[in-house]
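Enquirer: You'll find run.cif just under this line, and it carries mmCIF, C-alpha atoms.
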```
data_coords
loop_
_atom_site.group_PDB
_atom_site.id
_atom_site.type_symbol
_atom_site.label_atom_id
_atom_site.label_comp_id
_atom_site.auth_asym_id
_atom_site.auth_seq_id
_atom_site.Cartn_x
_atom_site.Cartn_y
_atom_site.Cartn_z
ATOM 1 C CA PHE A 1319 0.000 0.000 0.000
ATOM 2 C CA LEU A 1320 1.166 3.538 -0.769
ATOM 3 C CA PRO A 1321 1.444 5.791 2.283
ATOM 4 C CA MET A 1322 -1.365 8.333 2.623
ATOM 5 C CA SER A 1323 -0.545 11.843 1.478
ATOM 6 C CA VAL A 1324 -0.931 14.799 3.835
ATOM 7 C CA THR A 1325 -4.081 15.775 1.924
ATOM 8 C CA GLN A 1326 -5.599 12.300 2.369
ATOM 9 C CA LYS A 1327 -4.732 12.246 6.072
ATOM 10 C CA PHE A 1328 -6.271 15.679 6.622
ATOM 11 C CA ARG A 1329 -9.340 14.735 4.573
ATOM 12 C CA ARG A 1330 -10.054 11.941 7.078
ATOM 13 C CA TYR A 1331 -10.956 14.723 9.512
ATOM 14 C CA THR A 1332 -12.536 17.342 7.229
ATOM 15 C CA CYS A 1333 -14.968 14.787 5.762
ATOM 16 C CA LYS A 1334 -16.498 14.406 9.254
ATOM 17 C CA ASN A 1335 -19.346 16.609 10.457
ATOM 18 C CA HIS A 1336 -18.713 20.011 12.081
ATOM 19 C CA THR A 1337 -18.985 18.704 15.658
ATOM 20 C CA LEU A 1338 -16.578 15.809 15.117
ATOM 21 C CA GLN A 1339 -14.076 18.261 13.621
ATOM 22 C CA ALA A 1340 -14.404 20.464 16.718
ATOM 23 C CA LYS A 1341 -13.802 17.460 18.966
ATOM 24 C CA ALA A 1342 -10.807 16.326 16.910
ATOM 25 C CA PHE A 1343 -9.235 19.773 17.302
ATOM 26 C CA LEU A 1344 -9.887 19.789 21.059
ATOM 27 C CA ASN A 1345 -8.499 16.273 21.451
ATOM 28 C CA ALA A 1346 -5.362 17.195 19.502
ATOM 29 C CA TYR A 1347 -4.634 20.324 21.549
ATOM 30 C CA TRP A 1348 -6.255 19.603 24.921
ATOM 31 C CA ASP A 1349 -2.911 20.095 26.673
ATOM 32 C CA CYS A 1350 -2.730 23.754 25.606
ATOM 33 C CA ILE A 1351 -6.257 24.737 24.579
ATOM 34 C CA SER A 1352 -8.635 23.128 27.096
ATOM 35 C CA GLY A 1353 -9.473 26.592 28.427
ATOM 36 C CA GLU A 1354 -10.963 27.438 25.007
ATOM 37 C CA ALA A 1355 -13.383 24.475 24.998
ATOM 38 C CA GLU A 1356 -16.477 26.573 25.781
ATOM 39 C CA GLU A 1357 -15.533 29.101 23.096
ATOM 40 C CA ILE A 1358 -15.097 26.308 20.526
ATOM 41 C CA TRP A 1359 -18.489 24.869 21.566
ATOM 42 C CA LYS A 1360 -20.125 28.249 20.881
ATOM 43 C CA LEU A 1361 -18.218 28.810 17.634
ATOM 44 C CA VAL A 1362 -19.178 25.472 16.082
ATOM 45 C CA HIS A 1363 -22.865 26.174 16.789
ATOM 46 C CA VAL A 1364 -22.595 29.560 15.034
ATOM 47 C CA PHE A 1365 -20.744 27.809 12.197
ATOM 48 C CA MET A 1366 -23.501 25.180 11.859
ATOM 49 C CA GLU A 1367 -26.170 27.886 11.644
ATOM 50 C CA GLN A 1368 -24.566 29.007 8.376
ATOM 51 C CA ASP A 1369 -24.806 25.515 6.887
ATOM 52 C CA HIS A 1370 -28.375 25.885 5.624
ATOM 53 C CA GLU A 1371 -28.219 22.773 3.436
ATOM 54 C CA ASN A 1372 -26.771 20.157 5.775
ATOM 55 C CA GLY A 1373 -26.907 21.689 9.275
ATOM 56 C CA LYS A 1374 -25.299 19.489 11.919
ATOM 57 C CA GLU A 1375 -24.341 16.852 9.366
ATOM 58 C CA GLY A 1376 -22.463 19.274 7.107
ATOM 59 C CA THR A 1377 -18.694 19.271 6.734
ATOM 60 C CA ASP A 1378 -17.777 22.771 5.458
ATOM 61 C CA LEU A 1379 -19.040 26.172 4.236
ATOM 62 C CA ASP A 1380 -18.661 27.840 0.866
ATOM 63 C CA GLU A 1381 -16.661 31.051 0.678
ATOM 64 C CA PHE A 1382 -19.672 33.375 0.992
ATOM 65 C CA LYS A 1383 -21.053 31.622 4.086
ATOM 66 C CA ALA A 1384 -17.572 31.556 5.596
ATOM 67 C CA HIS A 1385 -17.480 35.357 5.185
ATOM 68 C CA VAL A 1386 -20.889 35.692 6.862
ATOM 69 C CA PHE A 1387 -19.625 33.489 9.715
ATOM 70 C CA LEU A 1388 -16.594 35.765 10.229
ATOM 71 C CA GLU A 1389 -18.834 38.842 10.078
ATOM 72 C CA GLN A 1390 -20.957 37.362 12.875
ATOM 73 C CA LEU A 1391 -17.792 37.111 14.947
ATOM 74 C CA GLY A 1392 -16.885 40.705 14.102
ATOM 75 C CA GLU A 1393 -13.751 39.528 12.304
ATOM 76 C CA THR A 1394 -14.288 40.931 8.796
ATOM 77 C CA LYS A 1395 -10.754 42.351 8.781
ATOM 78 C CA ARG A 1396 -9.429 38.815 9.004
ATOM 79 C CA ILE A 1397 -11.096 37.626 5.772
ATOM 80 C CA VAL A 1398 -8.040 38.540 3.653
ATOM 81 C CA GLU A 1399 -5.788 36.892 6.232
ATOM 82 C CA LEU A 1400 -7.999 33.800 6.217
ATOM 83 C CA ARG A 1401 -7.922 33.620 2.405
ATOM 84 C CA ALA A 1402 -4.122 33.696 2.441
ATOM 85 C CA ASP A 1403 -4.009 31.098 5.189
ATOM 86 C CA LEU A 1404 -6.444 28.856 3.326
ATOM 87 C CA ARG A 1405 -4.222 28.922 0.262
ATOM 88 C CA GLU A 1406 -1.690 27.169 2.484
ATOM 89 C CA SER A 1407 -3.988 24.958 4.573
ATOM 90 C CA ASP A 1408 -6.870 24.225 2.145
ATOM 91 C CA LEU A 1409 -5.104 21.125 0.937
ATOM 92 C CA ASP A 1410 -7.782 20.001 -1.516
ATOM 93 C CA PHE A 1411 -8.117 23.565 -2.928
ATOM 94 C CA ASN A 1412 -11.923 23.432 -2.903
ATOM 95 C CA LYS A 1413 -12.289 27.064 -1.742
ATOM 96 C CA ARG A 1414 -14.487 25.912 1.114
ATOM 97 C CA LEU A 1415 -13.884 26.334 4.836
ATOM 98 C CA SER A 1416 -14.216 23.442 7.248
ATOM 99 C CA PHE A 1417 -14.543 24.095 10.981
ATOM 100 C CA LEU A 1418 -11.229 22.322 11.563
ATOM 101 C CA GLU A 1419 -9.492 24.656 9.082
ATOM 102 C CA PHE A 1420 -11.054 27.621 10.881
ATOM 103 C CA CYS A 1421 -9.789 26.370 14.265
ATOM 104 C CA LEU A 1422 -6.271 25.856 12.914
ATOM 105 C CA PHE A 1423 -6.381 29.398 11.512
ATOM 106 C CA ARG A 1424 -7.863 30.996 14.635
ATOM 107 C CA TYR A 1425 -5.493 29.320 17.080
ATOM 108 C CA LYS A 1426 -2.450 29.531 14.762
ATOM 109 C CA LYS A 1427 -1.809 25.799 14.477
ATOM 110 C CA LYS A 1428 -0.240 24.050 11.505
ATOM 111 C CA VAL A 1429 -1.850 21.161 9.625
ATOM 112 C CA SER A 1430 1.426 19.217 9.909
ATOM 113 C CA ASP A 1431 1.426 19.620 13.711
ATOM 114 C CA PHE A 1432 -2.242 18.616 13.948
ATOM 115 C CA LEU A 1433 -1.602 15.445 11.926
ATOM 116 C CA ARG A 1434 1.476 14.661 14.008
ATOM 117 C CA ARG A 1435 -0.716 14.686 17.116
ATOM 118 C CA ASP A 1436 -3.007 12.186 15.356
ATOM 119 C CA PRO A 1437 -6.274 12.612 17.337
ATOM 120 C CA PRO A 1438 -9.042 10.026 16.731
ATOM 121 C CA THR A 1439 -11.354 10.891 13.811
ATOM 122 C CA GLU A 1440 -14.375 9.723 15.848
ATOM 123 C CA ASP A 1441 -15.259 10.387 19.502
ATOM 124 C CA CYS A 1442 -13.778 7.010 20.297
ATOM 125 C CA ALA A 1443 -12.766 4.181 18.022
ATOM 126 C CA PRO A 1444 -15.715 1.727 18.376
ATOM 127 C CA GLY A 1445 -13.457 -1.303 18.763
ATOM 128 C CA SER A 1446 -11.425 0.273 21.564
ATOM 129 C CA MET A 1447 -14.245 1.511 23.801
ATOM 130 C CA SER A 1448 -14.615 0.060 27.279
ATOM 131 C CA PRO A 1449 -18.082 -1.072 28.423
ATOM 132 C CA ALA A 1450 -18.268 2.111 30.565
ATOM 133 C CA ALA A 1451 -17.539 4.375 27.587
ATOM 134 C CA LEU A 1452 -20.040 2.510 25.430
ATOM 135 C CA LYS A 1453 -22.708 2.860 28.128
ATOM 136 C CA ALA A 1454 -22.023 6.595 28.403
ATOM 137 C CA GLN A 1455 -22.522 7.069 24.647
ATOM 138 C CA GLU A 1456 -25.666 4.941 24.668
ATOM 139 C CA ALA A 1457 -27.055 6.862 27.663
ATOM 140 C CA LEU A 1458 -26.505 10.223 25.930
ATOM 141 C CA SER A 1459 -28.130 8.843 22.806
ATOM 142 C CA ALA A 1460 -31.141 7.742 24.890
ATOM 143 C CA VAL A 1461 -31.575 11.319 26.170
ATOM 144 C CA ARG A 1462 -31.475 12.672 22.598
ATOM 145 C CA THR A 1463 -34.038 10.050 21.528
ATOM 146 C CA GLU A 1464 -36.395 11.036 24.357
ATOM 147 C CA ILE A 1465 -36.088 14.750 23.537
ATOM 148 C CA ASN A 1466 -36.836 13.977 19.871
ATOM 149 C CA ARG A 1467 -39.859 11.905 20.908
ATOM 150 C CA ILE A 1468 -41.220 14.815 22.967
ATOM 151 C CA GLU A 1469 -40.618 17.273 20.109
ATOM 152 C CA ASN A 1470 -42.361 14.987 17.583
ATOM 153 C CA LEU A 1471 -45.326 14.507 19.918
ATOM 154 C CA LYS A 1472 -45.510 18.263 20.470
ATOM 155 C CA SER A 1473 -45.594 18.918 16.701
ATOM 156 C CA GLU A 1474 -48.305 16.297 16.227
ATOM 157 C CA LEU A 1475 -50.454 17.769 19.017
ATOM 158 C CA GLU A 1476 -49.947 21.328 17.728
ATOM 159 C CA GLN A 1477 -51.249 20.295 14.319
ATOM 160 C CA LYS A 1478 -54.304 18.600 15.816
ATOM 161 C CA ALA A 1479 -54.955 21.505 18.214
ATOM 162 C CA ALA A 1480 -55.047 23.944 15.277
ATOM 163 C CA GLY A 1481 -58.274 22.324 14.063
ATOM 164 C CA ALA A 1482 -61.793 22.518 15.471
ATOM 165 C CA GLY A 1483 -64.109 20.263 17.429
ATOM 166 C CA VAL A 1484 -63.672 17.741 20.231
ATOM 167 C CA LYS A 1485 -60.424 16.227 18.907
ATOM 168 C CA ALA A 1486 -58.809 19.664 18.691
ATOM 169 C CA MET A 1487 -59.835 20.471 22.280
ATOM 170 C CA GLN A 1488 -58.448 17.137 23.458
ATOM 171 C CA ALA A 1489 -55.160 17.824 21.633
ATOM 172 C CA LYS A 1490 -54.947 21.288 23.264
ATOM 173 C CA ASN A 1491 -55.337 19.716 26.701
ATOM 174 C CA GLU A 1492 -52.709 17.060 25.962
ATOM 175 C CA LEU A 1493 -50.366 19.721 24.594
ATOM 176 C CA GLN A 1494 -50.786 21.843 27.721
ATOM 177 C CA GLN A 1495 -49.931 18.830 29.893
ATOM 178 C CA LEU A 1496 -46.867 18.069 27.772
ATOM 179 C CA LEU A 1497 -45.627 21.662 28.099
ATOM 180 C CA THR A 1498 -46.153 21.938 31.858
ATOM 181 C CA LYS A 1499 -45.719 18.500 33.429
ATOM 182 C CA ASP A 1500 -42.444 17.055 34.665
ATOM 183 C CA ASN A 1501 -41.270 14.432 32.157
ATOM 184 C CA THR A 1502 -40.413 11.317 34.164
ATOM 185 C CA GLU A 1503 -38.834 9.392 31.273
ATOM 186 C CA LEU A 1504 -36.570 12.298 30.340
ATOM 187 C CA ASN A 1505 -35.524 12.845 33.956
ATOM 188 C CA ARG A 1506 -34.688 9.154 34.284
ATOM 189 C CA ALA A 1507 -32.645 9.210 31.062
ATOM 190 C CA LEU A 1508 -30.747 12.298 32.236
ATOM 191 C CA LEU A 1509 -29.885 10.717 35.602
ATOM 192 C CA THR A 1510 -28.711 7.529 33.868
ATOM 193 C CA ALA A 1511 -26.536 9.554 31.464
ATOM 194 C CA GLU A 1512 -25.043 11.582 34.309
ATOM 195 C CA ALA A 1513 -24.074 8.435 36.217
ATOM 196 C CA ALA A 1514 -22.717 6.743 33.063
ATOM 197 C CA LEU A 1515 -20.551 9.767 32.187
ATOM 198 C CA ARG A 1516 -19.156 9.914 35.721
ATOM 199 C CA LYS A 1517 -18.176 6.255 35.491
ATOM 200 C CA ALA A 1518 -16.711 6.598 31.988
ATOM 201 C CA GLY A 1519 -14.672 9.634 33.026
ATOM 202 C CA GLY A 1520 -12.541 7.516 35.319
ATOM 203 C CA GLY A 1521 -11.669 5.004 32.619
ATOM 204 C CA GLY A 1522 -9.405 7.228 30.560
ATOM 205 C CA ASP A 1523 -10.320 5.595 27.242
ATOM 206 C CA ILE A 1524 -12.411 8.555 26.044
ATOM 207 C CA PRO A 1525 -10.158 11.392 24.798
ATOM 208 C CA PRO A 1526 -10.339 14.398 27.164
ATOM 209 C CA GLY A 1527 -11.853 16.774 24.595
ATOM 210 C CA SER A 1528 -14.589 14.272 23.750
ATOM 211 C CA MET A 1529 -15.238 13.679 27.456
ATOM 212 C CA TRP A 1530 -15.640 17.416 28.019
ATOM 213 C CA TRP A 1531 -17.962 17.622 25.006
ATOM 214 C CA MET A 1532 -20.200 14.793 26.238
ATOM 215 C CA ASN A 1533 -20.572 16.486 29.632
ATOM 216 C CA ARG A 1534 -21.293 19.800 27.908
ATOM 217 C CA GLU A 1535 -23.986 18.156 25.752
ATOM 218 C CA LEU A 1536 -25.571 16.688 28.869
ATOM 219 C CA GLU A 1537 -25.505 20.098 30.577
ATOM 220 C CA GLU A 1538 -27.339 21.562 27.555
ATOM 221 C CA MET A 1539 -29.896 18.737 27.487
ATOM 222 C CA LYS A 1540 -30.674 19.295 31.163
ATOM 223 C CA LYS A 1541 -31.943 22.767 30.211
ATOM 224 C CA TYR A 1542 -34.409 21.328 27.694
ATOM 225 C CA ARG A 1543 -38.076 22.158 28.159
ATOM 226 C CA PRO A 1544 -40.642 21.766 25.351
ATOM 227 C CA GLN A 1545 -41.572 25.282 24.198
ATOM 228 C CA LYS A 1546 -44.934 26.479 22.933
ATOM 229 C CA ARG A 1547 -44.765 27.413 19.254
ATOM 230 C CA SER A 1548 -44.813 31.184 18.888
#
```
Go through the file and emit its structure as structure tokens.
Expert:
Amino acid sequence: FLPMSVTQKFRRYTCKNHTLQAKAFLNAYWDCISGEAEEIWKLVHVFMEQDHENGKEGTDLDEFKAHVFLEQLGETKRIVELRADLRESDLDFNKRLSFLEFCLFRYKKKVSDFLRRDPPTEDCAPGSMSPAALKAQEALSAVRTEINRIENLKSELEQKAAGAGVKAMQAKNELQQLLTKDNTELNRALLTAEAALRKAGGGGDIPPGSMWWMNRELEEMKKYRPQKRS
């Protein structure tokens, strides 16, 4: 087999979704950039908002959307600087900006140094996860599933409640209960996830950036409450 080129190695990361790129960057530079984790969390969410086509599952932005992203950060003066930097770091010359490329630019890191650090391309390599790490991922996934179930039920009830007659009244009542009652299943899932993450944190087989990210996701999910459509 021929050894992978630098471009191919880098592409293994930039073909992943925005969040996985953020985690890869954090895992690579946790020793010197852990204090920026919250900032990177916020930045990737702003970045994803610009990906109107693919959202969370996207991998990069075109040049125009990348400019809008920088404008949102108040960094329009850096567009020229970014263009010049991309000419060096945009290894596949596609004139698009991935979140990983943005992080390397923002924190003045070189592609060669990033690849030398060789962070995992996924949160954890599936074959190398301990039972505790696997349980933590499954528990977080269960919370997401429950939140999605509540959101889908809410949408269904809102549609029915918009009509007239007995069924619409019944849907309004059910919707009101959904919006105001304490959700036992969600609370149970959150407690399970919290315990599973605590246990997984002691194992050391989840990279530190990914571990921080999982806890941050859980913190965000704890704030979830179904909202009435405005």
Enquirer: By how many Å are atom CA of A:Ile1351 and atom CA of A:Asp1436 apart?
Expert: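 Spanning atom CA of A:Ile1351 to atom CA of A:Asp1436 is a straight-line distance of 15.9 Å.
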Enquirer: Restricting the calculation to all atoms listed in the file: of A:Asp1431, A:Glu1440, A:Glu1393, A:Glu1354, which residue gets closest to A:Thr1332?
Expert: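 The shortest atom-to-atom distance to A:Thr1332 comes from A:Glu1440.
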Enquirer: May I ask which of the residues A:Val1484, A:Ile1468, A:Leu1361, A:Ile1524 is the closest one to A:Leu1497, counting all atoms listed in the file?
Expert: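 Looking at the shortest contact to A:Leu1497, the residue is A:Ile1468.
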Enquirer: Can you tell me which residues surround A:Lys1360 at a distance of at most 12 Å, considering only C-alpha atoms, apart from same-chain residues fewer than 6 positions away, and format the answer as a compact mmCIF listing (two decimals) with C-alpha atoms, keeping the file's coordinate frame?
Expert:
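After the write, part.txt holds the following:
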```
# COMPACT_ATOMS: atom_id res chain seq x y z
CA THR A 1337 -18.98 18.70 15.66
CA ALA A 1340 -14.40 20.46 16.72
CA GLU A 1354 -10.96 27.44 25.01
CA MET A 1366 -23.50 25.18 11.86
CA GLU A 1367 -26.17 27.89 11.64
CA LEU A 1391 -17.79 37.11 14.95
CA TRP A 1531 -17.96 17.62 25.01
CA ARG A 1534 -21.29 19.80 27.91
CA GLU A 1535 -23.99 18.16 25.75
CA GLU A 1538 -27.34 21.56 27.56
```
Enquirer: Using only C-alpha atoms, can you list as a PyMOL selection string the residues within 12 Å of (-27.7, 3.2, 26.3)?
Expert: chain A and resi 1449-1464+1507-1508+1510-1515
Enquirer: For A:Gly1376, which residue out of A:Lys1413, A:His1336, A:Lys1426, A:Lys1327 is the nearest one, using all atoms listed in the file?
Expert: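 Of A:Lys1413, A:His1336, A:Lys1426, A:Lys1327, the one nearest A:Gly1376, counting all atoms listed in the file, is A:His1336.
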Enquirer: Which is closer to A:Leu1493 than all the others in A:Glu1375, A:Glu1474, A:Asp1523, A:Glu1381, using all atoms listed in the file?
Expert: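 Smallest distance to A:Leu1493 is found for A:Glu1474.
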